[in-house]
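*Asks:* Below is the structure I would like to discuss, written out as structure tokens.
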Amino acid sequence: MELEEAIRTRRTHKAYAPEPLDRATLDELFELARWAPNHRLTNPWRFRVLGPNALERLKAAAADPIAAAKLNRAPTLVVVSSVQSRDDPVLDEEDLCATAGAIYAVLLAAHARGLAGYWRTPEILRDSAGRAAVGVPESERVLGLLHLGHPRQEPRPPERAPLQDVVDYLD
């Protein structure tokens, strides 16, 4: 798949086939994510693939049963966080942005392989109980939860703002 096609056709999926992604495929996705731009080469991204026990701990930490049920949507879940220095706010912001780029690399690489993805920012991962359930220390900031798997349906393309609404050319 060409890069431009991958960017234009990648979609958020919420319906997945039941089989989880194999470790080799996940390692391929994470290997590509490591090449995201990273200003000071700190490699701040952390990927935690949730197994059945970690998933059960996370669901138990969710006070809201609807939020817990949403964790069952995809057969493979990955918590993504960024290591934060806490004493250099500029570096922390750069690393946060670099981790977001790594997440997008995972989503594009998954799509190029015919896989489905969904980047969520569930409340439970901003909560200390949810973070503890999946082993995210206080020194990391969670950017989200990636749902990955084989698609069961093709979502509709989303609306995008016209180019002139998001770009200014300044003198």
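Naming works like this for the structure tokens: A, B, ... for the chains as they're shown, residue 1 at the start of each chain, ligands 1 onward in shown order.
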Pull the alpha helix (DSSP H) assignments for stretch 14-171 of chain A out of DSSP run on the backbone, and list those residues as a ChimeraX atom specification.
*Replies:* /A:23-33,52-61,65-70,89-112,128-133,163-166
*Asks:* Near stretch 117-124 of chain A, within 10 Å and counting only C-alpha atoms, which residues show up once chain neighbours fewer than 3 positions away are dropped, as a PyMOL selection string?
*Replies:* chain A and resi 10-16+58-59+61-64+67-68+70-71+73-74+76-80+103-104+106-111+114+127-131+133+142-151
*Asks:* Any idea what's packed within 9 Å of A:Glu93, counting only C-alpha atoms, ignoring anything in its chain fewer than 5 positions away? Could you give it as a ChimeraX atom specification?
*Replies:* /A:84,88,98
*Asks:* In Å, how far is it from atom CA of A:Ala36 to atom CA of A:Asp165?
*Replies:*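 So the two atoms, atom CA of A:Ala36 and atom CA of A:Asp165, lie 27.2 Å apart.
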*Asks:* Taking only C-alpha atoms into account, name the residue in A:Gly135, A:Leu29, A:Asp95, A:Ser82 that is nearest to A:Leu50.
*Replies:*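 Looking only at the distances to A:Leu50, the closest residue turns out to be A:Gly135.
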*Asks:* Can you list, as a VMD selection string, every protein, DNA or RNA residue that comes within 10 Å of A:Arg141 when you count only C-alpha atoms, leaving out same-chain residues fewer than 4 positions away?
*Replies:* chain A and resid 45 to 46 80 to 84 92 96 125 to 126 131 136 to 137
*Asks:* So what do you get for atom CA of A:Pro37 versus atom CA of A:Glu4, distance-wise?
*Replies:*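 According to the coordinates, atom CA of A:Pro37 and atom CA of A:Glu4 are separated by 18.5 Å.
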*Asks:* Could you work out how far atom CA of A:Gly51 lies from atom CA of A:Ala6, giving the answer in Å with one decimal?
*Replies:*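 These atoms are spaced 28.6 Å apart.
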*Asks:* With only C-alpha atoms as the basis for distance, which of A:Ala17, A:Arg113, A:Ala60, A:Ala54 is at the shortest distance from A:Pro75?
*Replies:*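 Nearest to A:Pro75: A:Ala17.
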*Asks:* Can you work out which one of A:Leu41, A:Ala102, A:Leu32, A:Leu21 has the shortest atom-to-atom distance to A:Ala116, counting only C-alpha atoms?
*Replies:*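 Nearest candidate to A:Ala116 out of A:Leu41, A:Ala102, A:Leu32, A:Leu21: A:Leu21.
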*Asks:* Identify which of the residues A:Arg86, A:Arg57, A:His39, A:Arg23 lies closest to A:Thr99, counting only C-alpha atoms when measuring atom-to-atom distances.
*Replies:*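 Among the listed residues, A:His39 lies closest to A:Thr99.
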